[in-house]
Each structure stands twice: as structure tokens, then as C-alpha cells.
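Engineer: The file below is entry_1.cif, mmCIF, C-alpha atoms:
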data_start
#
loop_
_atom_site.label_atom_id
_atom_site.label_comp_id
_atom_site.auth_asym_id
_atom_site.auth_seq_id
_atom_site.Cartn_x
_atom_site.Cartn_y
_atom_site.Cartn_z
CA MET A 1 -21.42 2.08 -39.29
CA THR A 2 -18.41 2.08 -36.97
CA PRO A 3 -18.85 3.48 -33.43
CA PRO A 4 -17.45 6.98 -32.77
CA GLN A 5 -13.67 6.59 -32.26
CA PRO A 6 -12.90 9.61 -29.99
CA ALA A 7 -14.54 7.75 -27.06
CA ALA A 8 -11.77 5.10 -27.13
CA ASP A 9 -8.97 7.71 -26.97
CA PRO A 10 -6.45 6.89 -24.16
CA ARG A 11 -5.54 10.59 -23.94
CA ARG A 12 -9.19 11.39 -23.17
CA ARG A 13 -9.27 8.62 -20.54
CA PHE A 14 -6.11 9.99 -18.90
CA LYS A 15 -7.57 13.52 -18.85
CA LEU A 16 -10.82 12.19 -17.36
CA VAL A 17 -8.98 10.37 -14.53
CA LEU A 18 -6.93 13.50 -13.81
CA LEU A 19 -10.04 15.69 -13.85
CA PHE A 20 -11.95 13.42 -11.44
CA ASP A 21 -8.94 13.19 -9.10
CA LEU A 22 -8.90 16.99 -8.92
CA VAL A 23 -12.68 17.12 -8.41
CA VAL A 24 -12.43 14.66 -5.48
CA LEU A 25 -9.64 16.77 -3.95
CA ALA A 26 -11.76 19.91 -4.35
CA GLU A 27 -14.68 18.13 -2.67
CA LEU A 28 -12.44 17.17 0.25
CA PHE A 29 -11.32 20.79 0.70
CA PHE A 30 -14.93 21.99 0.45
CA ALA A 31 -16.14 19.46 3.06
CA MET A 32 -13.35 20.49 5.44
CA TYR A 33 -14.21 24.16 4.91
CA VAL A 34 -17.92 23.55 5.65
CA ALA A 35 -17.23 21.38 8.72
CA HIS A 36 -14.64 23.83 10.11
CA GLY A 37 -15.73 25.62 13.25
CA ARG A 38 -18.44 23.08 14.18
CA ALA A 39 -16.52 21.48 17.02
CA GLU A 40 -19.40 19.31 18.29
CA GLN A 41 -20.74 18.25 14.90
CA PHE A 42 -17.43 18.22 12.99
CA THR A 43 -17.26 14.49 12.06
CA PRO A 44 -20.94 13.99 11.01
CA VAL A 45 -20.98 17.26 9.01
CA PHE A 46 -17.69 16.43 7.27
CA LEU A 47 -18.77 12.87 6.41
CA ALA A 48 -22.23 13.96 5.19
CA VAL A 49 -20.87 16.74 2.95
CA PHE A 50 -17.88 14.77 1.63
CA PHE A 51 -19.65 11.48 0.87
CA GLY A 52 -22.72 13.36 -0.42
CA LEU A 53 -20.48 14.86 -3.10
CA LEU A 54 -18.11 11.91 -3.58
CA LEU A 55 -20.64 9.16 -4.35
CA PRO A 56 -22.32 10.91 -7.33
CA THR A 57 -18.85 11.95 -8.58
CA LEU A 58 -17.62 8.33 -8.48
CA ALA A 59 -20.77 7.11 -10.25
CA LEU A 60 -20.30 9.72 -12.99
CA ALA A 61 -16.57 8.94 -13.29
CA ARG A 62 -17.31 5.21 -13.66
CA ARG A 63 -19.89 5.88 -16.35
CA LEU A 64 -17.62 8.17 -18.38
CA LEU A 65 -14.53 5.95 -17.97
CA ASN A 66 -16.46 2.87 -19.07
CA LYS A 67 -17.42 4.79 -22.20
CA SER A 68 -13.76 5.66 -22.88
CA THR A 69 -12.58 2.00 -22.55
CA PRO A 70 -12.16 0.62 -26.12
CA GLY A 71 -14.00 -2.68 -25.50
CA GLN A 72 -16.83 -1.05 -23.61
CA ALA A 73 -17.15 1.75 -26.17
CA GLN A 74 -17.54 -0.71 -29.03
CA ARG A 75 -20.07 -2.77 -27.11
CA GLY A 76 -22.00 0.35 -26.07
CA MET B 1 -6.65 30.33 6.62
CA ASP B 2 -7.21 28.83 10.07
CA TRP B 3 -9.56 26.27 8.52
CA LEU B 4 -6.46 24.50 7.20
CA TYR B 5 -5.74 23.55 10.81
CA MET B 6 -8.19 21.31 12.64
CA THR B 7 -8.41 19.99 16.15
CA MET B 8 -8.78 16.22 15.93
CA PRO B 9 -12.20 15.40 17.47
CA ILE B 10 -10.98 12.48 19.62
CA ALA B 11 -7.23 13.02 20.12
CA GLY B 12 -7.78 16.75 20.69
CA VAL B 13 -4.52 17.72 18.99
CA PRO B 14 -4.28 20.48 16.34
CA ILE B 15 -3.23 19.13 12.93
CA PHE B 16 -2.35 20.82 9.62
CA TRP B 17 -4.75 18.56 7.71
CA PRO B 18 -3.48 19.16 4.11
CA GLY B 19 -0.33 17.45 5.49
CA LEU B 20 -2.47 14.31 5.79
CA VAL B 21 -3.43 14.57 2.09
CA ILE B 22 0.24 14.97 1.14
CA LEU B 23 1.26 12.03 3.39
CA GLY B 24 -1.54 9.88 1.92
CA LEU B 25 -0.57 10.87 -1.63
CA GLY B 26 3.11 10.08 -1.02
CA VAL B 27 2.31 6.75 0.65
CA GLY B 28 -0.17 5.89 -2.14
CA ILE B 29 2.41 6.62 -4.86
CA ILE B 30 5.15 4.63 -3.09
CA GLY B 31 2.77 1.80 -2.09
CA GLY B 32 1.28 1.54 -5.58
CA PHE B 33 4.73 1.53 -7.16
CA PHE B 34 6.39 -1.03 -4.86
CA GLY B 35 3.26 -3.13 -4.24
CA MET B 36 3.33 -2.54 -0.49
CA GLY B 37 0.74 -1.18 1.92
CA GLY B 38 3.13 1.50 3.13
CA GLY B 39 1.86 1.26 6.72
CA TRP B 40 5.47 1.43 7.95
CA MET B 41 5.60 5.04 6.67
CA VAL B 42 2.14 6.13 7.83
CA THR B 43 2.43 5.48 11.59
CA PRO B 44 5.74 7.38 12.03
CA GLY B 45 4.50 10.04 9.56
CA LEU B 46 1.30 10.62 11.56
CA ASN B 47 3.28 10.63 14.80
CA ILE B 48 5.59 13.28 13.37
CA LEU B 49 2.59 15.35 12.16
CA GLY B 50 1.44 15.49 15.80
CA PHE B 51 -0.70 12.39 16.42
CA PRO B 52 -0.08 10.56 19.73
CA MET B 53 1.36 7.09 18.90
CA ALA B 54 -1.77 5.05 19.83
CA PHE B 55 -3.93 7.34 17.63
CA ALA B 56 -1.36 7.13 14.81
CA ILE B 57 -1.61 3.30 14.87
CA GLY B 58 -5.44 3.28 15.04
CA THR B 59 -5.82 5.81 12.21
CA ASP B 60 -3.20 4.10 10.04
CA ILE B 61 -4.88 0.70 10.39
CA THR B 62 -8.32 2.15 9.53
CA GLN B 63 -6.94 3.74 6.36
CA MET B 64 -5.21 0.45 5.48
CA GLY B 65 -8.42 -1.56 6.07
CA GLY B 66 -10.29 0.40 3.41
CA MET B 67 -7.48 0.21 0.87
CA SER B 68 -6.66 -3.49 1.35
CA LEU B 69 -10.31 -4.57 1.11
CA ILE B 70 -10.53 -3.12 -2.41
CA SER B 71 -7.18 -4.73 -3.40
CA SER B 72 -8.13 -8.20 -2.11
CA MET B 73 -11.50 -8.09 -3.89
CA ARG B 74 -9.69 -7.36 -7.16
CA HIS B 75 -7.17 -10.17 -6.51
CA SER B 76 -9.85 -12.77 -5.77
CA ARG B 77 -11.12 -12.42 -9.35
CA PHE B 78 -7.92 -14.17 -10.52
CA GLY B 79 -8.56 -17.11 -8.13
CA HIS B 80 -5.41 -16.35 -6.13
CA VAL B 81 -7.08 -16.49 -2.72
CA ASP B 82 -7.16 -19.73 -0.68
CA TYR B 83 -10.33 -18.89 1.28
CA ARG B 84 -10.19 -22.04 3.43
CA LEU B 85 -6.65 -21.26 4.57
CA GLY B 86 -7.51 -17.57 4.87
CA LEU B 87 -10.56 -18.20 7.06
CA ILE B 88 -8.63 -20.60 9.34
CA MET B 89 -5.86 -18.02 9.65
CA VAL B 90 -8.41 -15.35 10.60
CA ALA B 91 -8.69 -17.00 14.06
CA GLY B 92 -4.94 -16.66 14.68
CA THR B 93 -4.77 -13.19 13.09
CA VAL B 94 -7.63 -11.80 15.20
CA ALA B 95 -6.29 -13.38 18.44
CA GLY B 96 -2.78 -12.13 17.65
CA PHE B 97 -4.02 -8.67 16.73
CA GLU B 98 -6.07 -8.38 19.92
CA SER B 99 -3.04 -9.45 22.01
CA GLY B 100 -0.95 -6.81 20.19
CA ALA B 101 -3.59 -4.10 20.78
CA GLN B 102 -3.79 -5.07 24.49
CA ILE B 103 0.04 -4.81 24.75
CA ILE B 104 -0.20 -1.29 23.21
CA MET B 105 -2.92 -0.27 25.70
CA TRP B 106 -0.80 -1.61 28.59
CA LEU B 107 2.32 0.18 27.28
CA GLU B 108 0.26 3.37 26.97
CA ARG B 109 -0.85 3.03 30.62
CA ILE B 110 2.75 2.67 31.82
CA GLY B 111 3.91 5.43 29.44
CA ARG B 112 6.32 3.32 27.36
CA VAL B 113 4.34 2.99 24.11
CA ASP B 114 6.43 5.43 22.03
CA LEU B 115 9.76 3.82 22.96
CA PHE B 116 8.52 0.27 22.42
CA VAL B 117 6.82 0.94 19.07
CA ARG B 118 9.80 2.91 17.77
CA ILE B 119 12.19 0.08 18.64
CA GLY B 120 9.80 -2.36 16.94
CA TYR B 121 9.72 -0.18 13.83
CA LEU B 122 13.49 0.17 13.84
CA THR B 123 13.83 -3.63 13.85
CA LEU B 124 11.25 -3.99 11.06
CA LEU B 125 12.80 -1.27 8.88
CA SER B 126 16.26 -2.80 9.35
CA LEU B 127 14.78 -6.10 8.18
CA ILE B 128 13.25 -4.47 5.08
CA ALA B 129 16.51 -2.65 4.27
CA TRP B 130 18.44 -5.91 4.67
CA LEU B 131 15.98 -7.69 2.37
CA VAL B 132 16.24 -4.98 -0.29
CA PHE B 133 20.04 -4.72 -0.22
CA THR B 134 20.59 -8.48 -0.27
CA ASP B 135 18.09 -8.85 -3.10
CA VAL B 136 20.55 -7.82 -5.82
CA SER B 137 23.35 -10.07 -4.56
CA GLN B 138 20.85 -12.91 -4.05
CA MET B 139 19.70 -12.53 -7.66
CA LYS B 140 23.29 -12.86 -8.87
CA LYS B 141 23.83 -15.94 -6.68
CA ASP B 142 20.61 -17.52 -7.94
CA LEU B 143 21.72 -16.96 -11.50
CA LYS B 144 25.03 -18.72 -10.80
CA ILE B 145 23.26 -21.66 -9.09
CA ARG B 146 20.80 -21.95 -11.99
CA ARG B 147 23.60 -22.06 -14.51
CA ALA B 148 25.46 -24.71 -12.47
CA ALA B 149 22.25 -26.76 -12.09
CA GLU B 150 21.59 -26.57 -15.83
CA ARG B 151 25.08 -27.91 -16.49
CA GLY B 152 24.84 -30.72 -13.89
CA GLY B 153 21.14 -31.50 -14.50
CA GLU B 154 20.28 -31.00 -10.81
CA GLU B 155 16.99 -29.57 -9.50
CA ILE B 156 17.17 -26.12 -7.88
CA ARG B 157 15.87 -26.30 -4.30
CA GLY B 158 15.20 -23.18 -2.27
CA ILE B 159 14.40 -22.97 1.42
CA GLN B 160 12.48 -26.10 2.43
CA TRP B 161 11.44 -25.23 6.04
CA HIS B 162 7.74 -25.84 5.25
CA ARG B 163 8.44 -29.57 4.67
CA THR B 164 9.64 -29.93 8.27
CA PHE B 165 6.62 -28.01 9.61
CA GLN B 166 4.18 -29.98 7.44
CA ARG B 167 5.53 -33.22 8.97
CA LEU B 168 4.17 -32.15 12.40
CA ARG B 169 0.82 -33.96 12.14
CA LEU B 170 -0.90 -32.59 15.24
CA PRO B 171 -4.64 -33.32 14.68
CA PRO B 172 -6.77 -32.13 13.01
CA VAL B 173 -4.87 -32.35 9.70
CA VAL B 174 -6.49 -30.32 6.86
CA HIS B 175 -6.11 -30.31 3.07
CA PHE B 176 -6.00 -26.91 1.33
CA LYS B 177 -7.11 -27.47 -2.26
CA THR B 178 -6.14 -24.07 -3.78
CA SER B 179 -2.68 -24.16 -2.19
CA GLY B 180 -2.29 -27.94 -2.76
CA ILE B 181 -0.95 -28.60 0.74
CA HIS B 182 -1.76 -30.99 3.60
CA CYS B 183 -0.88 -29.89 7.14
CA SER B 184 -1.97 -29.61 10.77
CA ILE B 185 -4.51 -26.84 11.35
CA TRP B 186 -2.26 -25.53 14.15
CA LEU B 187 0.49 -24.56 11.70
CA PRO B 188 -1.42 -21.73 9.90
CA ILE B 189 -3.07 -20.73 13.20
CA SER B 190 0.29 -20.26 15.00
CA VAL B 191 1.86 -18.47 12.02
CA SER B 192 -1.12 -16.10 11.75
CA TYR B 193 -1.12 -15.51 15.53
CA LEU B 194 2.51 -14.34 15.47
CA THR B 195 2.03 -12.12 12.40
CA GLY B 196 -1.24 -10.74 13.85
CA LEU B 197 0.57 -9.92 17.11
CA LEU B 198 3.21 -7.94 15.24
CA ALA B 199 0.53 -6.19 13.15
CA GLY B 200 -1.36 -5.20 16.32
CA ILE B 201 1.73 -3.80 18.00
CA LEU B 202 3.12 -1.90 15.03
CA GLY B 203 -0.17 -0.92 13.37
CA ILE B 204 0.73 -2.54 10.06
CA GLY B 205 -1.21 -4.98 7.88
CA GLY B 206 1.45 -7.61 8.55
CA GLY B 207 1.78 -8.53 4.88
CA LEU B 208 5.48 -7.87 4.85
CA ILE B 209 5.98 -10.69 7.36
CA ARG B 210 2.95 -12.88 6.56
CA MET B 211 3.73 -13.33 2.86
CA PRO B 212 7.21 -14.88 3.38
CA ALA B 213 5.79 -16.86 6.34
CA LEU B 214 3.06 -18.35 4.10
CA ILE B 215 5.66 -19.37 1.51
CA TYR B 216 8.53 -20.57 3.70
CA LEU B 217 6.74 -21.88 6.83
CA ILE B 218 3.45 -23.24 5.41
CA GLY B 219 4.50 -24.00 1.82
CA VAL B 220 1.82 -22.02 -0.07
CA PRO B 221 2.65 -21.32 -3.77
CA THR B 222 3.81 -17.72 -4.27
CA HIS B 223 0.86 -16.46 -6.35
CA VAL B 224 -1.67 -17.95 -3.87
CA ALA B 225 0.41 -16.53 -0.97
CA VAL B 226 0.08 -13.01 -2.42
CA GLY B 227 -3.73 -13.27 -2.78
CA THR B 228 -4.31 -15.00 0.56
CA ASP B 229 -2.02 -12.51 2.28
CA LEU B 230 -4.04 -9.60 0.87
CA PHE B 231 -7.22 -11.25 2.17
CA GLU B 232 -5.59 -11.59 5.61
CA VAL B 233 -4.36 -7.96 5.54
CA ALA B 234 -7.94 -6.84 4.79
CA ILE B 235 -9.36 -8.97 7.64
CA SER B 236 -6.71 -7.99 10.20
CA ALA B 237 -6.81 -4.31 9.22
CA LEU B 238 -10.62 -4.16 9.37
CA TYR B 239 -10.65 -6.01 12.70
CA GLY B 240 -7.86 -3.69 13.87
CA ALA B 241 -9.85 -0.64 12.77
CA ALA B 242 -12.89 -1.88 14.73
CA SER B 243 -10.72 -2.74 17.77
CA TYR B 244 -8.91 0.62 17.87
CA SER B 245 -12.18 2.49 17.18
CA TYR B 246 -13.85 0.69 20.11
CA LYS B 247 -10.93 1.77 22.31
CA GLY B 248 -11.37 5.35 21.06
CA ARG B 249 -7.99 5.52 19.32
CA THR B 250 -9.12 6.10 15.72
CA GLU B 251 -9.53 9.45 13.98
CA LEU B 252 -12.06 8.61 11.25
CA VAL B 253 -11.80 12.01 9.55
CA ALA B 254 -8.00 11.75 9.32
CA ALA B 255 -8.28 8.22 7.88
CA VAL B 256 -10.76 9.43 5.21
CA ILE B 257 -8.52 12.40 4.32
CA MET B 258 -5.50 10.10 3.94
CA MET B 259 -7.50 7.57 1.93
CA VAL B 260 -8.33 10.28 -0.66
CA GLY B 261 -4.63 11.10 -1.05
CA ALA B 262 -3.65 7.40 -1.09
CA ALA B 263 -6.29 6.49 -3.71
CA ILE B 264 -4.97 9.19 -6.08
CA GLY B 265 -1.34 8.29 -5.34
CA ALA B 266 -1.92 4.55 -5.86
CA GLN B 267 -3.16 5.17 -9.43
CA ILE B 268 0.02 7.11 -10.24
CA GLY B 269 2.29 4.55 -8.52
CA SER B 270 0.80 1.47 -10.17
CA VAL B 271 0.81 3.02 -13.65
CA THR B 272 4.47 4.09 -13.25
CA THR B 273 5.55 0.43 -12.88
CA LYS B 274 4.83 0.20 -16.61
CA TYR B 275 7.53 2.77 -17.35
CA VAL B 276 10.24 1.98 -14.79
CA GLN B 277 12.27 -1.21 -14.48
CA GLY B 278 15.51 -2.34 -12.92
CA TYR B 279 17.22 -2.89 -9.62
CA GLY B 280 18.29 0.76 -9.23
CA ILE B 281 14.74 1.55 -8.07
CA ARG B 282 14.90 -1.14 -5.37
CA LEU B 283 18.19 0.27 -4.10
CA PHE B 284 16.62 3.74 -4.02
CA PHE B 285 13.76 2.26 -1.99
CA GLY B 286 16.32 0.65 0.35
CA VAL B 287 17.94 4.06 0.90
CA ALA B 288 14.51 5.53 1.73
CA VAL B 289 13.91 2.77 4.29
CA VAL B 290 17.30 3.41 5.88
CA GLY B 291 16.40 7.13 6.03
CA CYS B 292 13.11 6.26 7.72
CA ALA B 293 14.98 4.11 10.28
CA LEU B 294 17.41 7.00 10.85
CA SER B 295 14.50 9.36 11.49
CA ILE B 296 13.07 7.00 14.14
CA THR B 297 16.54 6.72 15.73
CA LEU B 298 16.62 10.54 15.96
CA LYS B 299 13.22 10.43 17.71
CA LEU B 300 14.54 7.81 20.16
CA ILE B 301 17.60 9.94 20.96
CA ALA B 302 15.35 13.02 21.32
CA ALA B 303 13.27 11.19 23.93
CA ALA B 304 16.44 10.34 25.90
CA VAL B 305 18.33 13.68 25.58
CA SER B 306 15.92 16.46 26.57
CA SER B 307 18.27 19.39 25.80
CA TRP B 308 18.49 18.37 22.08
CA ARG B 309 14.85 17.37 21.86
CA TYR B 310 13.56 20.23 19.66
CA ALA B 311 16.41 20.06 17.12
CA LEU B 312 16.28 16.26 16.89
CA ASP B 313 12.47 16.17 16.56
CA LEU B 314 12.65 18.78 13.81
CA GLY B 315 15.44 16.87 12.07
CA ALA B 316 13.40 13.63 12.21
CA ALA B 317 10.31 15.37 10.78
CA ILE B 318 12.28 16.96 7.94
CA LEU B 319 14.03 13.68 7.17
CA ILE B 320 10.94 11.45 6.95
CA LEU B 321 8.73 13.94 5.09
CA GLY B 322 11.68 14.81 2.81
CA LEU B 323 12.24 11.13 2.03
CA VAL B 324 8.59 10.36 1.30
CA GLY B 325 8.46 13.59 -0.77
CA THR B 326 11.66 12.82 -2.73
CA LEU B 327 10.67 9.23 -3.48
CA ALA B 328 7.12 10.22 -4.45
CA SER B 329 8.42 13.11 -6.64
CA PHE B 330 10.89 10.75 -8.32
CA ILE B 331 8.09 8.30 -9.17
CA LEU B 332 5.79 11.16 -10.25
CA LEU B 333 8.50 12.49 -12.57
CA ARG B 334 8.99 9.07 -14.15
CA PHE B 335 5.21 8.81 -14.52
CA VAL B 336 4.99 12.15 -16.37
CA ARG B 337 7.96 11.26 -18.60
CA GLY B 338 6.53 7.81 -19.32
CA VAL B 339 3.12 9.22 -20.26
CA GLN B 340 4.73 11.88 -22.49
CA GLU B 341 6.86 9.26 -24.28
CA GLU B 342 3.87 6.96 -24.75
CA LEU B 343 1.73 9.77 -26.19
CA ARG B 344 4.58 10.82 -28.49
CA ALA B 345 5.02 7.24 -29.69
CA ARG B 346 1.28 6.91 -30.35
CA ALA B 347 1.25 10.18 -32.30
CA ALA B 348 4.26 9.04 -34.37
CA THR B 349 2.56 5.70 -35.15
CA ALA B 350 -0.64 7.50 -36.13
CA LEU B 351 1.34 9.80 -38.46
CA ALA B 352 3.40 6.98 -39.93
CA ALA B 353 0.39 4.79 -40.76
CA PRO B 354 -1.24 7.08 -43.43
CA ALA B 355 2.21 7.90 -44.85
CA THR B 356 2.99 4.19 -45.28
CA GLU B 357 -0.41 3.66 -46.88
CA THR B 358 0.18 6.57 -49.33
CA SER B 359 3.66 5.36 -50.37
CA ALA B 360 2.37 1.81 -50.80
CA SER B 361 -0.46 2.95 -53.09
CA ALA B 362 1.98 5.18 -55.08
CA ARG B 363 4.29 2.17 -55.57
CA GLU B 364 1.28 0.12 -56.70
CA LYS B 365 0.34 2.77 -59.28
CA GLN B 366 3.93 2.87 -60.60
CA THR B 367 3.97 -0.94 -60.97
CA ARG B 368 0.73 -0.79 -62.97
#
Would you put the structure from the file into C-alpha cells?
Structural biologist:
Amino acid sequence: MTPPQPAADPRRRFKLVLLFDLVVLAELFFAMYVAHGRAEQFTPVFLAVFFGLLLPTLALARRLLNKSTPGQAQRG
Amino acid sequence: MDWLYMTMPIAGVPIFWPGLVILGLGVGIIGGFFGMGGGWMVTPGLNILGFPMAFAIGTDITQMGGMSLISSMRHSRFGHVDYRLGLIMVAGTVAGFESGAQIIMWLERIGRVDLFVRIGYLTLLSLIAWLVFTDVSQMKKDLKIRRAAERGGEEIRGIQWHRTFQRLRLPPVVHFKTSGIHCSIWLPISVSYLTGLLAGILGIGGGLIRMPALIYLIGVPTHVAVGTDLFEVAISALYGAASYSYKGRTELVAAVIMMVGAAIGAQIGSVTTKYVQGYGIRLFFGVAVVGCALSITLKLIAAAVSSWRYALDLGAAILILGLVGTLASFILLRFVRGVQEELRARAATALAAPATETSASAREKQTR
């Protein structure tokens, strides 16, 4: 049995990268919105919210992109 | 929509923060495309967006530290980093950077930092523009020399300054295995001190100056020079980030915001190099550098002529942001076109393959 081919599609990989770039941008805007108006606690609130969202997003992006890489897909 | 404006926690200046994302994105696209850090655009860009010069340098260097660390780690996988040379040069780089940062603090105390840094940038940008514009003519000359050498059987010899410097055997003399050179330890230390000094004053990684210095003054092979230079940029930028943060001249939030934009832009820029070739791009880059130098000149004139200050400041801001925007849009457009063409070509190949198979089997049947 050959592994499922759609996973190795470069178009899918391109769409995934684009999607995750937009998600990271959205997270940045959300973190700025949450931290806005907290003059004293601005930096810690911004960093906590932004990195709290960014790190799981990066982990998920890495996992999905590894799946869409031809070599990795065949191995996996 | 007042949340789109934020008062920088340390500098205390109001900033339209999506402007930082756009600046980071533009710098990332241009940097990824031309293989440069793009620090020469960030400091003036931040200054124009409203950052005081010392904060612009500190924030720029912090953003660069994060980006260059990732790049150098990737480069070291190819074995292009001479760690022994790099670690020796760290001493000179750190000392030079600290001297540069102290000069900036002193200039800030006497109120001359903006003038001094702008003149420094003007000199640097003129140097880059000169390098870019002479590149094409140099390439033609090289081609002529190569042809003549091929006819006469002579060896082509470029600039040989490093041989003179390597002859200065001031002890201790060290052997660098990866680079394959033998020289006094003081040679890389002095070169790194001077490049570190410039990096500290201008808030750049120093790669633009350090890379040619490694090749022409120390004699490091080009591919090792690129890797070792990246390692040095990472070290000097991270040290610089720590130094400026300790002095309270770094806006961490602004650096993170720009890094997001730069990370996205760098992907676009580096992929576009696959689709674009030729010297026309370099000339376009040269024009952008000249425009950047022109914008700084406008700022210098604005500081001297108070009655024209507003108009000149506005002109400088429009010019630099327009240039970064135009160049980034141009690259983005080529990226989109390149991706479209590639996808179309793939689709055509996929369609052609079954058709070829069908016609081949039909021919086979006819033969039978």
C-alpha cells in the first residue's frame, strides 16, 4: 500500500504556511488588544498572552508541515 | 481604535504599532531576498516612526539578535562556521560593541546622538550604494580578465591584503583549521574590535563590513566567512541587546512585534530568490539605498533649518516608508507571479503525464 498522496502536495504546504502566518498575526493583534490600557502591566500581559498562543501554534504548524513534506510523509 | 496606538513602556512615546508590523514585514521581505539583516533600514525607520534614536538602535539590535541566532544555527549545520575564529573574535566584537554603545551614551548626554548616527548611516549607505553600482561593471571587468587569463594561462589573483596581514607574526600565532589559515591572534581581534565598534554605534549587526573584512583582511574562504560572520552577528547582536536593555534603551514589545513581521517577510523574500534573477534587481536595490540615504539627508537638513523642519521630516518619512513599501511590494508581486507560474506548470505536467501514457498505450495496441 502506498501512503496517502495528498499529504505531500506542495499547494497544501503553501496554504498551511499562509494560514499559520495569518494565525500568528491574529494572535499578535489579540495580545495587543488584551494588553491595551494596562499601563503598568502592559509588557508582562502582552508577552504572556502572545507567547501563550504562539508556542502551541508553532508546535502545531511544525507537526502539520512535517506531515506535508514528501520525505517525512512517506516515512510517517 | 485607540488600541492601535500604544505608549512605549520605557521610551514613553506614542507609536502606531501596526506600523512596526509593516516595517518588520518590509525589512523581512527585503532582508530575506537580498540575504542581508536589513538593520540599516530598521534604525532610521523606527526613528521616523517616532522612536528616539538610542531606543531605535536598542530595539533594532534586539530584533536582529533573535533573527540572526536562528540563521546562524541553520548555517552551522553545513559546517560553514569556524568556531575557533568566531570565539576569538567575540572578544574584539564585545569590546568594540561596548565602546560603540558608550560613545552613543556619551553623544546622548551631550545631545549630538542624532546628528552623529545619521552621518554614520549616510557614510554606510553611500558605501553600500557604491558597492552595488560598481558590482555590474566589476563583473564585466572580471569576465574580461578571466578571458585574458585563459588565453595567457595566467592565474587570476584578486585582492591579496590578507597575505600582508598574515605575515605580521605578533605572538601568539594560531592555526584555524576550518578556515585553513595561520595568523597572529591579534589580527582577528583588531578586525572584530573595529567592526564591533561600528555595529555598536550604528545599531547594526556589522555583517556588511565584517564579511568583506574576514575575506580581504584575514583571508577566510568565502563560504566559511559567511557562516562565521553570521555567528558573529548573532553574538554581537545578542550582546548588544543585553547591553542596551541594561541601559534601559530597548523596547522589548516593539522588538517582538517587528520580529513577527520580519519572520513572515523573510519566508516570502527567501522563496522569491527562486523566481527572480539578474542584475536589474541589484540596481533596483541600489536605488532604494540611495533613496534611504536621501531621506537621512533630509532629516539632517531638517535638524539644521528649523523653519522647514515639518515639511522635511514629513518628506523623509514618506520617502523611506515609500521605498521600503515599493521594494517589498515589488518582491511580493514577483513571489505571487512565481508561485502562480510554478503551480500552473505543475498542473500542466500532471495533465500531460496521463495523456502521454494513453497515447503510448494506443500506439502499442496499433502495433500489435
Engineer: From the options B:Leu343, B:Ile296, B:Met89, B:Val94, which residue's atoms come nearest to chain A, counting all atoms listed in the file?
Structural biologist: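 Between B:Leu343, B:Ile296, B:Met89, B:Val94, the residue approaching chain A most closely is B:Leu343.
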Engineer: Within 12 Å of chain A, which residues of chain B come that close, and what is the closest atom pair and distance in Å for each? Count all atoms listed in the file and give it as a Markdown table.
Structural biologist:
| residue | atom | partner | partner_atom | distance |
| --- | --- | --- | --- | --- |
| B:Met1 | CA | A:Tyr33 | CA | 9.9 |
| B:Asp2 | CA | A:His36 | CA | 9.0 |
| B:Trp3 | CA | A:His36 | CA | 5.9 |
| B:Leu4 | CA | A:Tyr33 | CA | 8.1 |
| B:Tyr5 | CA | A:His36 | CA | 8.9 |
| B:Met6 | CA | A:His36 | CA | 7.4 |
| B:Thr7 | CA | A:Ala39 | CA | 8.3 |
| B:Met8 | CA | A:Phe42 | CA | 9.4 |
| B:Pro9 | CA | A:Phe42 | CA | 7.4 |
| B:Ile10 | CA | A:Thr43 | CA | 10.0 |
| B:Gly12 | CA | A:Ala39 | CA | 10.6 |
| B:Phe16 | CA | A:Met32 | CA | 11.8 |
| B:Trp17 | CA | A:Met32 | CA | 9.1 |
| B:Pro18 | CA | A:Phe29 | CA | 8.7 |
| B:Leu20 | CA | A:Leu28 | CA | 11.8 |
| B:Val21 | CA | A:Leu25 | CA | 8.9 |
| B:Ile22 | CA | A:Leu25 | CA | 11.3 |
| B:Leu25 | CA | A:Leu25 | CA | 11.1 |
| B:Glu251 | CA | A:Thr43 | CA | 9.4 |
| B:Leu252 | CA | A:Thr43 | CA | 7.9 |
| B:Val253 | CA | A:Thr43 | CA | 6.5 |
| B:Ala254 | CA | A:Thr43 | CA | 10.0 |
| B:Ala255 | CA | A:Leu47 | CA | 11.6 |
| B:Val256 | CA | A:Leu47 | CA | 8.8 |
| B:Ile257 | CA | A:Leu28 | CA | 7.4 |
| B:Met258 | CA | A:Leu28 | CA | 10.6 |
| B:Met259 | CA | A:Leu28 | CA | 10.9 |
| B:Val260 | CA | A:Leu25 | CA | 7.4 |
| B:Gly261 | CA | A:Leu25 | CA | 8.1 |
| B:Ala262 | CA | A:Asp21 | CA | 11.2 |
| B:Ala263 | CA | A:Asp21 | CA | 9.0 |
| B:Ile264 | CA | A:Asp21 | CA | 6.4 |
| B:Gly265 | CA | A:Asp21 | CA | 9.8 |
| B:Ala266 | CA | A:Asp21 | CA | 11.6 |
| B:Gln267 | CA | A:Val17 | CA | 9.3 |
| B:Ile268 | CA | A:Leu18 | CA | 10.1 |
| B:Val271 | CA | A:Phe14 | CA | 11.1 |
| B:Val336 | CA | A:Phe14 | CA | 11.6 |
| B:Val339 | CA | A:Phe14 | CA | 9.4 |
| B:Gln340 | CA | A:Arg11 | CA | 10.5 |
| B:Glu342 | CA | A:Arg11 | CA | 10.1 |
| B:Leu343 | CA | A:Arg11 | CA | 7.7 |
| B:Arg344 | CA | A:Arg11 | CA | 11.1 |
| B:Arg346 | CA | A:Pro10 | CA | 9.9 |
| B:Ala347 | CA | A:Arg11 | CA | 10.8 |
Engineer: List as an NGL selection string the residues having at least one atom at most 12 Å from position (12.5, 11.8, -4.7) as given in the file, counting only C-alpha atoms.
Structural biologist: :B and (26 or 29-30 or 281 or 284-285 or 287-288 or 320-334)
Engineer: How many Å separate CA of Val173 in chain B from CA of Ile185 in chain B?
Structural biologist: 5.8 Å
Engineer: For CA of Leu187 in chain B and CA of Val226 in chain B, determine how far apart the two atoms are, in Å to one decimal place.
Structural biologist: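 Separation of CA of Leu187 in chain B and CA of Val226 in chain B: 18.2 Å.
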Engineer: Which distance in Å separates CA of Ala56 in chain B and CA of Ser192 in chain B, to one decimal?
Structural biologist: 23.4 Å
Engineer: Identify which of the residues B:Gly111, B:Gly248, B:Gly180, B:Gly196 lies closest to Val90 in chain B, counting only C-alpha atoms when measuring atom-to-atom distances.
Structural biologist: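 For Val90 in chain B, the nearest of the given residues is B:Gly196.
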Engineer: Using only C-alpha atoms, which protein or nucleic acid residues come within 9 Å of range 106-110 of chain B? Drop anything in the same chain fewer than 5 positions from it, and give the result as a PyMOL selection string.
Structural biologist: chain B and resi 53-54+101+116
Engineer: Apply the PyMOL selection byres ((chain A and resi 61) around 12) to the displayed file and report the matching residues as a VMD selection string.
Structural biologist: chain A and resid 13 to 24 54 to 60 62 to 68
Engineer: Pull out every residue that the PyMOL selection byres ((chain B and resi 243) around 10) matches in the shown coordinates and put them as a ChimeraX atom specification.
Structural biologist: /B:58,62,94,97-98,101-102,200,237-242,244-250
